[in-house]
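One file, query_5.txt, carrying compact mmCIF, C-alpha atoms:
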# COMPACT_ATOMS: atom_id res chain seq x y z
CA MET U 347 0.00 0.00 0.00
CA ARG U 348 1.28 3.45 -0.90
CA TYR U 349 1.32 6.45 1.38
CA SER U 350 -1.84 8.57 1.07
CA LYS U 351 -1.62 12.16 2.26
CA ASP U 352 -5.38 12.52 1.75
CA LYS U 353 -5.98 10.38 4.84
CA VAL U 354 -3.62 12.32 7.09
CA SER U 355 -4.00 15.39 9.29
CA ILE U 356 -0.93 16.80 11.04
CA ILE U 357 -1.45 18.44 14.43
CA ILE U 358 1.23 20.94 15.48
CA PRO U 359 0.94 22.23 19.07
CA ALA U 360 2.87 25.50 19.30
CA LYS U 361 3.62 28.13 21.89
CA ASN U 362 6.03 30.93 21.02
CA GLU U 363 7.70 28.90 18.25
CA GLY U 364 7.16 31.58 15.62
CA SER U 365 10.82 31.81 14.64
CA GLY U 366 10.70 28.39 13.02
CA LEU U 367 7.01 27.72 12.49
CA LYS U 368 6.97 28.74 8.82
CA LYS U 369 9.77 26.27 8.11
CA ILE U 370 7.99 23.48 9.98
CA ILE U 371 4.75 24.01 8.07
CA SER U 372 6.55 24.04 4.71
CA GLN U 373 8.39 20.81 5.61
CA VAL U 374 5.23 18.83 6.45
CA LYS U 375 2.82 20.15 3.80
CA SER U 376 3.64 17.40 1.33
CA TYR U 377 2.72 14.70 3.85
CA ALA U 378 -0.87 15.67 4.72
CA SER U 379 -4.04 17.06 3.24
CA GLU U 380 -4.61 19.08 6.39
CA ILE U 381 -2.30 20.86 8.83
CA ILE U 382 -3.67 22.22 12.10
CA VAL U 383 -1.60 24.47 14.33
CA VAL U 384 -2.92 24.62 17.89
CA ASP U 385 -1.69 27.80 19.55
CA GLY U 386 -1.02 27.67 23.28
CA HIS U 387 -1.64 31.41 23.68
CA SER U 388 1.64 32.55 22.14
CA THR U 389 2.87 36.08 22.63
CA ASP U 390 4.84 36.14 19.36
CA ASP U 391 3.64 36.19 15.74
CA THR U 392 2.41 32.58 15.74
CA LYS U 393 -1.15 33.37 14.60
CA LYS U 394 -0.02 35.72 11.84
CA ILE U 395 2.52 33.20 10.56
CA VAL U 396 0.03 30.31 10.55
CA LEU U 397 -2.65 32.26 8.71
CA SER U 398 -0.12 33.41 6.12
CA GLN U 399 0.65 29.76 5.34
CA ASN U 400 -2.97 28.92 4.57
CA VAL U 401 -3.30 26.20 7.20
CA LYS U 402 -5.85 25.81 9.99
CA TYR U 403 -5.31 27.82 13.17
CA ILE U 404 -6.87 26.98 16.55
CA LEU U 405 -6.40 28.84 19.83
CA ASP U 406 -6.47 26.35 22.69
CA HIS U 407 -8.10 26.78 26.11
CA GLY U 408 -4.83 27.68 27.80
CA ARG U 409 -4.82 24.49 29.87
CA GLY U 410 -1.75 22.85 28.35
CA ARG U 411 -0.42 20.65 25.56
CA GLY U 412 -2.75 17.73 26.15
CA ASP U 413 -5.87 19.85 25.96
CA GLY U 414 -4.54 21.50 22.81
CA VAL U 415 -3.88 18.17 21.12
CA ARG U 416 -7.40 16.97 21.91
CA MET U 417 -8.80 20.15 20.38
CA GLY U 418 -6.73 19.62 17.25
CA VAL U 419 -7.76 16.00 16.83
CA LYS U 420 -11.41 16.90 17.32
CA LYS U 421 -11.19 19.35 14.40
CA ALA U 422 -9.12 17.04 12.17
CA ARG U 423 -10.72 15.58 9.06
CA GLY U 424 -8.11 12.92 8.37
CA GLU U 425 -8.50 9.24 9.19
CA ILE U 426 -5.03 9.32 10.76
CA VAL U 427 -3.54 12.13 12.84
CA VAL U 428 0.17 12.78 13.25
CA LEU U 429 1.46 14.73 16.25
CA PHE U 430 4.37 16.94 15.19
CA ASP U 431 6.27 19.37 17.41
CA ALA U 432 7.04 22.92 16.33
CA ASP U 433 10.59 23.08 17.69
CA GLY U 434 12.35 21.33 14.81
CA SER U 435 13.05 18.13 16.76
CA HIS U 436 10.91 15.83 14.62
CA PRO U 437 12.23 14.66 11.21
CA PRO U 438 9.45 15.09 8.60
CA LYS U 439 10.84 12.30 6.40
CA ASP U 440 9.72 9.76 9.01
CA ILE U 441 6.03 10.70 8.80
CA PRO U 442 5.23 8.00 6.19
CA ASN U 443 6.94 5.38 8.37
CA LEU U 444 4.55 6.29 11.19
CA VAL U 445 1.46 6.30 9.01
CA LEU U 446 1.91 3.27 6.74
CA PRO U 447 1.52 0.56 9.42
CA ILE U 448 -1.84 2.13 10.31
CA LEU U 449 -2.94 2.33 6.67
CA LYS U 450 -2.02 -1.36 6.34
CA ASN U 451 -4.05 -2.19 9.48
CA GLN U 452 -0.91 -3.45 11.20
CA ALA U 453 -1.19 -0.99 14.11
CA ASP U 454 -3.58 1.46 15.73
CA MET U 455 -0.81 3.78 16.96
CA VAL U 456 2.79 4.06 15.79
CA MET U 457 5.36 5.89 17.91
CA GLY U 458 8.82 7.15 17.12
CA SER U 459 11.49 5.76 19.44
CA ARG U 460 14.56 7.76 20.39
CA ARG U 461 15.93 4.79 22.29
CA THR U 462 16.31 2.80 19.06
CA GLY U 463 16.82 5.78 16.74
CA GLY U 464 19.01 8.06 18.83
CA SER U 465 18.78 11.70 19.86
CA PHE U 466 20.75 14.84 19.18
CA ASP U 467 18.81 16.50 22.01
CA LEU U 468 20.41 14.54 24.86
CA SER U 469 22.82 16.72 26.81
CA ILE U 470 25.65 15.22 28.85
CA THR U 471 24.65 17.14 31.95
CA LEU U 472 23.11 16.12 35.25
CA ASP U 473 19.71 17.32 34.08
CA GLY U 474 20.06 15.63 30.70
CA MET U 475 21.09 12.30 32.19
CA ALA U 476 18.31 12.50 34.77
CA ARG U 477 15.77 12.98 31.96
CA SER U 478 17.15 9.98 30.07
CA VAL U 479 17.17 7.68 33.11
CA GLY U 480 13.74 8.93 34.15
CA SER U 481 12.32 8.21 30.70
CA ASP U 482 13.70 4.67 30.78
CA PHE U 483 12.21 4.11 34.24
CA LEU U 484 8.75 5.15 33.02
CA VAL U 485 9.08 2.69 30.15
CA TYR U 486 10.10 -0.04 32.60
CA LEU U 487 7.01 0.54 34.74
CA VAL U 488 4.68 0.36 31.73
CA ASN U 489 6.33 -2.78 30.32
CA LYS U 490 6.23 -4.47 33.73
CA LYS U 491 2.54 -3.66 34.16
CA PHE U 492 1.37 -4.78 30.71
CA GLY U 493 4.02 -7.26 29.61
CA SER U 494 4.79 -5.02 26.66
CA ASN U 495 8.16 -4.43 25.01
CA LEU U 496 8.18 -0.71 24.34
CA SER U 497 11.33 1.42 24.35
CA ASP U 498 10.07 5.03 24.48
CA ILE U 499 6.66 6.16 25.70
CA LEU U 500 7.30 9.90 25.96
CA PHE U 501 8.45 10.93 22.48
CA SER U 502 5.61 13.03 21.10
CA PHE U 503 6.25 12.18 17.44
CA ARG U 504 3.56 9.61 16.67
CA ALA U 505 0.59 8.73 14.49
CA ILE U 506 -2.73 7.31 15.60
CA ARG U 507 -6.01 6.44 13.97
CA LYS U 508 -8.44 9.25 14.80
CA SER U 509 -11.20 6.81 15.77
CA THR U 510 -8.79 5.13 18.19
CA PHE U 511 -7.78 8.44 19.74
CA LYS U 512 -11.42 9.35 20.36
CA LYS U 513 -12.13 6.02 22.07
CA LEU U 514 -9.26 6.44 24.54
CA GLY U 515 -11.06 9.06 26.63
CA LEU U 516 -7.86 11.00 27.29
CA GLN U 517 -7.96 13.47 30.17
CA SER U 518 -4.40 14.81 30.53
CA ASP U 519 -4.13 18.53 29.89
CA GLY U 520 -0.35 18.77 30.07
CA PHE U 521 2.73 16.86 28.88
CA SER U 522 1.50 13.57 30.34
CA LEU U 523 -0.83 13.11 27.36
CA GLU U 524 1.69 10.96 25.48
CA GLN U 525 2.12 8.44 28.28
CA GLU U 526 -1.62 8.39 28.90
CA MET U 527 -2.11 7.50 25.22
CA VAL U 528 0.18 4.52 25.66
CA ILE U 529 -1.48 3.30 28.85
CA LYS U 530 -5.01 3.62 27.46
CA CYS U 531 -4.05 1.85 24.21
CA LEU U 532 -2.55 -1.06 26.18
CA GLU U 533 -5.54 -1.22 28.50
CA LYS U 534 -7.91 -1.40 25.54
CA GLU U 535 -5.63 -3.84 23.70
CA TYR U 536 -4.99 -1.61 20.71
CA ILE U 537 -1.91 -2.47 18.70
CA ILE U 538 1.10 -0.19 19.29
CA ALA U 539 4.13 -0.24 17.02
CA GLU U 540 7.44 1.63 17.27
CA ILE U 541 9.88 2.79 14.60
CA PRO U 542 13.41 4.10 15.16
CA VAL U 543 13.52 7.91 14.87
CA ARG U 544 16.56 10.15 15.30
CA GLU U 545 15.43 13.15 17.36
CA ASN U 546 16.94 16.47 16.34
CA ALA U 547 18.09 19.01 18.89
CA ARG U 548 15.65 21.88 19.39
CA LEU U 549 16.46 24.33 16.59
CA TRP U 550 14.90 27.46 18.08
CA GLY U 551 12.94 28.80 21.02
CA ILE U 552 13.05 27.71 24.65
CA SER U 553 12.12 24.25 25.93
CA LYS U 554 8.85 24.04 27.87
CA LEU U 555 10.02 20.91 29.71
CA LYS U 556 11.51 21.38 33.16
CA THR U 557 12.99 18.90 35.65
CA ARG U 558 9.82 19.16 37.73
CA THR U 559 7.86 18.07 34.65
CA GLY U 560 9.62 14.71 34.80
CA ILE U 561 8.63 14.29 38.44
CA GLN U 562 5.03 15.09 37.54
CA LEU U 563 5.10 12.54 34.70
CA LEU U 564 6.27 9.85 37.11
CA LEU U 565 3.56 10.67 39.65
CA PHE U 566 0.87 10.73 36.97
CA LEU U 567 2.11 7.40 35.58
CA ILE U 568 2.05 5.70 38.98
CA ARG U 569 -1.47 7.04 39.54
CA ASP U 570 -2.69 5.82 36.15
CA LEU U 571 -1.04 2.42 36.44
CA TYR U 572 -1.89 1.52 40.01
CA PHE U 573 -4.45 3.84 41.59
CA LYS U 574 -6.82 5.08 38.85
CA SER U 575 -9.44 2.43 39.64
CA LEU U 576 -9.47 3.11 43.38

Show the structure stored in the file as structure tokens.
Amino acid sequence: MRYSKDKVSIIIPAKNEGSGLKKIISQVKSYASEIIVVDGHSTDDTKKIVLSQNVKYILDHGRGRGDGVRMGVKKARGEIVVLFDADGSHPPKDIPNLVLPILKNQADMVMGSRRTGGSFDLSITLDGMARSVGSDFLVYLVNKKFGSNLSDILFSFRAIRKSTFKKLGLQSDGFSLEQEMVIKCLEKEYIIAEIPVRENARLWGISKLKTRTGIQLLLFLIRDLYFKSL
């Protein structure tokens, strides 16, 4: 089966990424029939840039990335949605590799894996190493709980069937959306696949992820894995 851009919508959550947003949009246009930029209440020229590129613009509720992604998926027309960051870290050439297993009915969600593909964004600092070890620990907890064999549950570069996304009942408003997607898919026995993806270093702007975000992700994961039904 060949890649079909007509079945794909690309969701780009963005907050103050205006310096590179035009480039991102131009890079992904050939891979989708619809591009939706979800603005997290930017204070730069994000809205002006998006509208000048003739793609769909949505202003989110100001509650965080997860809420913005849900808004984008709700508005998407494509059968498959691809989540694509606006900071230059995701390689556009890998979009077909995420989408094709879904088109072939081999998976319901396909995730990029930095653990198997590598990352140019990993810094050899205490904070950088803590993030890497923390990410691996989250993966360990999920694999232990479900008997799965995943390698990276946090990388936001992924594709999912829109109908599957809607059935997950996702509630996370912040950065924990990605791990919640994984947990809910495993709970509902949807098929998850991974492909190796080499993450680029952020090319512009300032990272929204802080060390405390990692602690929050761990707490949310433990809650969702062990205490959600209590």

**Item:** Residue neighbourhood range 562-567 of chain U, 9 Å, only C-alpha atoms, exclusion window fewer than 2 positions, as a list of chain:residue names
**Value:**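 Close residues of range 562-567 of chain U: U:Gly480, U:Ser481, U:Phe483, U:Leu484, U:Leu487, U:Val488, U:Phe521, U:Ser522, U:Gln525, U:Glu526, U:Ile529, U:Arg558, U:Thr559, U:Gly560, U:Arg569, U:Asp570, U:Leu571, U:Tyr572.
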
Now that the selection is made, can you save its residues with C-alpha atoms as a tab-separated table (two decimals), keeping the file's coordinate frame?
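What ended up in selection_21.tsv:
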chain	number	residue	atom	x	y	z
U	480	GLY	CA	13.74	8.93	34.15
U	481	SER	CA	12.32	8.21	30.70
U	483	PHE	CA	12.21	4.11	34.24
U	484	LEU	CA	8.75	5.15	33.02
U	487	LEU	CA	7.01	0.54	34.74
U	488	VAL	CA	4.68	0.36	31.73
U	521	PHE	CA	2.73	16.86	28.88
U	522	SER	CA	1.50	13.57	30.34
U	525	GLN	CA	2.12	8.44	28.28
U	526	GLU	CA	-1.62	8.39	28.90
U	529	ILE	CA	-1.48	3.30	28.85
U	558	ARG	CA	9.82	19.16	37.73
U	559	THR	CA	7.86	18.07	34.65
U	560	GLY	CA	9.62	14.71	34.80
U	569	ARG	CA	-1.47	7.04	39.54
U	570	ASP	CA	-2.69	5.82	36.15
U	571	LEU	CA	-1.04	2.42	36.44
U	572	TYR	CA	-1.89	1.52	40.01

**Request:** Might you pull out every residue within 10 Å of Leu514 in chain U, with all atoms listed in the file counted and same-chain residues fewer than 5 positions away left off, and present them as a list in words?
**Result:**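 Everything that qualifies: Ser509, Glu526, Met527, Val528, Ile529, Lys530, Cys531, Glu533, Lys534 and Tyr536 of chain U.
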
**Message:** For a test of reading the model, state the distance in Å between CA of Tyr377 in chain U and CA of Arg507 in chain U, rounded to one decimal.
**Reply:**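 That distance, rounded to one decimal, is 15.7 Å.
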
**Asked** So, counting only C-alpha atoms, which residue among U:Thr389, U:Thr510, U:Ser497, U:Ser355 is closest to Lys402 in chain U?
**Response**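 Going through U:Thr389, U:Thr510, U:Ser497, U:Ser355 one by one, the smallest distance to Lys402 in chain U is for U:Ser355.
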
**For Lys393 in chain U: contacts at 9 Å, all atoms listed in the file, fewer than 2 positions along chain excluded, given as an MDAnalysis selection string** = chainID U and resid 364 383 385 388 390:391 395:398 403:405

**Asked** Nearest to Lys375 in chain U: which of U:Arg461, U:Lys490, U:Lys512, U:Lys351 is it, counting only C-alpha atoms?
**Response** U:Lys351

**CA of Ile538 in chain U to CA of Ile506 in chain U, distance in Å rounded to a single decimal** = 9.2 Å

Rebuild range 431-447 of chain U so that it carries N, CA, C and O atoms, then output the result as an mmCIF file, in the coordinates of the input.
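Result written to result15.cif:
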data_model
loop_
_atom_site.group_PDB
_atom_site.id
_atom_site.type_symbol
_atom_site.label_atom_id
_atom_site.label_comp_id
_atom_site.auth_asym_id
_atom_site.auth_seq_id
_atom_site.Cartn_x
_atom_site.Cartn_y
_atom_site.Cartn_z
ATOM 1 N N ASP U 431 5.870 18.210 16.620
ATOM 2 C CA ASP U 431 6.270 19.370 17.410
ATOM 3 C C ASP U 431 6.780 20.509 16.534
ATOM 4 O O ASP U 431 7.266 20.293 15.419
ATOM 5 N N ALA U 432 6.692 21.720 17.078
ATOM 6 C CA ALA U 432 7.040 22.920 16.330
ATOM 7 C C ALA U 432 8.450 23.415 16.595
ATOM 8 O O ALA U 432 8.822 24.505 16.158
ATOM 9 N N ASP U 433 9.255 22.617 17.303
ATOM 10 C CA ASP U 433 10.590 23.080 17.690
ATOM 11 C C ASP U 433 11.711 22.567 16.794
ATOM 12 O O ASP U 433 12.886 22.784 17.051
ATOM 13 N N GLY U 434 11.345 21.841 15.730
ATOM 14 C CA GLY U 434 12.350 21.330 14.810
ATOM 15 C C GLY U 434 12.953 20.000 15.214
ATOM 16 O O GLY U 434 13.879 19.521 14.556
ATOM 17 N N SER U 435 12.455 19.376 16.268
ATOM 18 C CA SER U 435 13.050 18.130 16.760
ATOM 19 C C SER U 435 12.570 16.887 16.023
ATOM 20 O O SER U 435 13.202 15.829 16.110
ATOM 21 N N HIS U 436 11.453 16.986 15.313
ATOM 22 C CA HIS U 436 10.910 15.830 14.620
ATOM 23 C C HIS U 436 11.323 15.835 13.146
ATOM 24 O O HIS U 436 11.148 16.847 12.462
ATOM 25 N N PRO U 437 11.839 14.734 12.622
ATOM 26 C CA PRO U 437 12.230 14.660 11.210
ATOM 27 C C PRO U 437 11.014 14.366 10.311
ATOM 28 O O PRO U 437 10.421 13.283 10.404
ATOM 29 N N PRO U 438 10.637 15.288 9.443
ATOM 30 C CA PRO U 438 9.450 15.090 8.600
ATOM 31 C C PRO U 438 9.508 13.848 7.728
ATOM 32 O O PRO U 438 8.477 13.233 7.450
ATOM 33 N N LYS U 439 10.701 13.448 7.302
ATOM 34 C CA LYS U 439 10.840 12.300 6.400
ATOM 35 C C LYS U 439 10.326 11.004 7.015
ATOM 36 O O LYS U 439 10.042 10.030 6.290
ATOM 37 N N ASP U 440 10.191 10.971 8.338
ATOM 38 C CA ASP U 440 9.720 9.760 9.010
ATOM 39 C C ASP U 440 8.202 9.686 9.132
ATOM 40 O O ASP U 440 7.671 8.681 9.630
ATOM 41 N N ILE U 441 7.502 10.716 8.700
ATOM 42 C CA ILE U 441 6.030 10.700 8.800
ATOM 43 C C ILE U 441 5.429 9.498 8.083
ATOM 44 O O ILE U 441 4.571 8.799 8.652
ATOM 45 N N PRO U 442 5.814 9.193 6.848
ATOM 46 C CA PRO U 442 5.230 8.000 6.190
ATOM 47 C C PRO U 442 5.488 6.707 6.954
ATOM 48 O O PRO U 442 4.633 5.809 6.965
ATOM 49 N N ASN U 443 6.637 6.594 7.605
ATOM 50 C CA ASN U 443 6.940 5.380 8.370
ATOM 51 C C ASN U 443 6.021 5.220 9.574
ATOM 52 O O ASN U 443 5.771 4.099 10.036
ATOM 53 N N LEU U 444 5.521 6.346 10.094
ATOM 54 C CA LEU U 444 4.550 6.290 11.190
ATOM 55 C C LEU U 444 3.163 5.928 10.682
ATOM 56 O O LEU U 444 2.414 5.209 11.349
ATOM 57 N N VAL U 445 2.829 6.422 9.518
ATOM 58 C CA VAL U 445 1.460 6.300 9.010
ATOM 59 C C VAL U 445 1.187 4.966 8.318
ATOM 60 O O VAL U 445 0.106 4.375 8.478
ATOM 61 N N LEU U 446 2.150 4.460 7.562
ATOM 62 C CA LEU U 446 1.910 3.270 6.740
ATOM 63 C C LEU U 446 1.450 2.048 7.515
ATOM 64 O O LEU U 446 0.537 1.338 7.061
ATOM 65 N N PRO U 447 2.029 1.732 8.693
ATOM 66 C CA PRO U 447 1.520 0.560 9.420
ATOM 67 C C PRO U 447 0.045 0.695 9.800
ATOM 68 O O PRO U 447 -0.668 -0.321 9.889
#
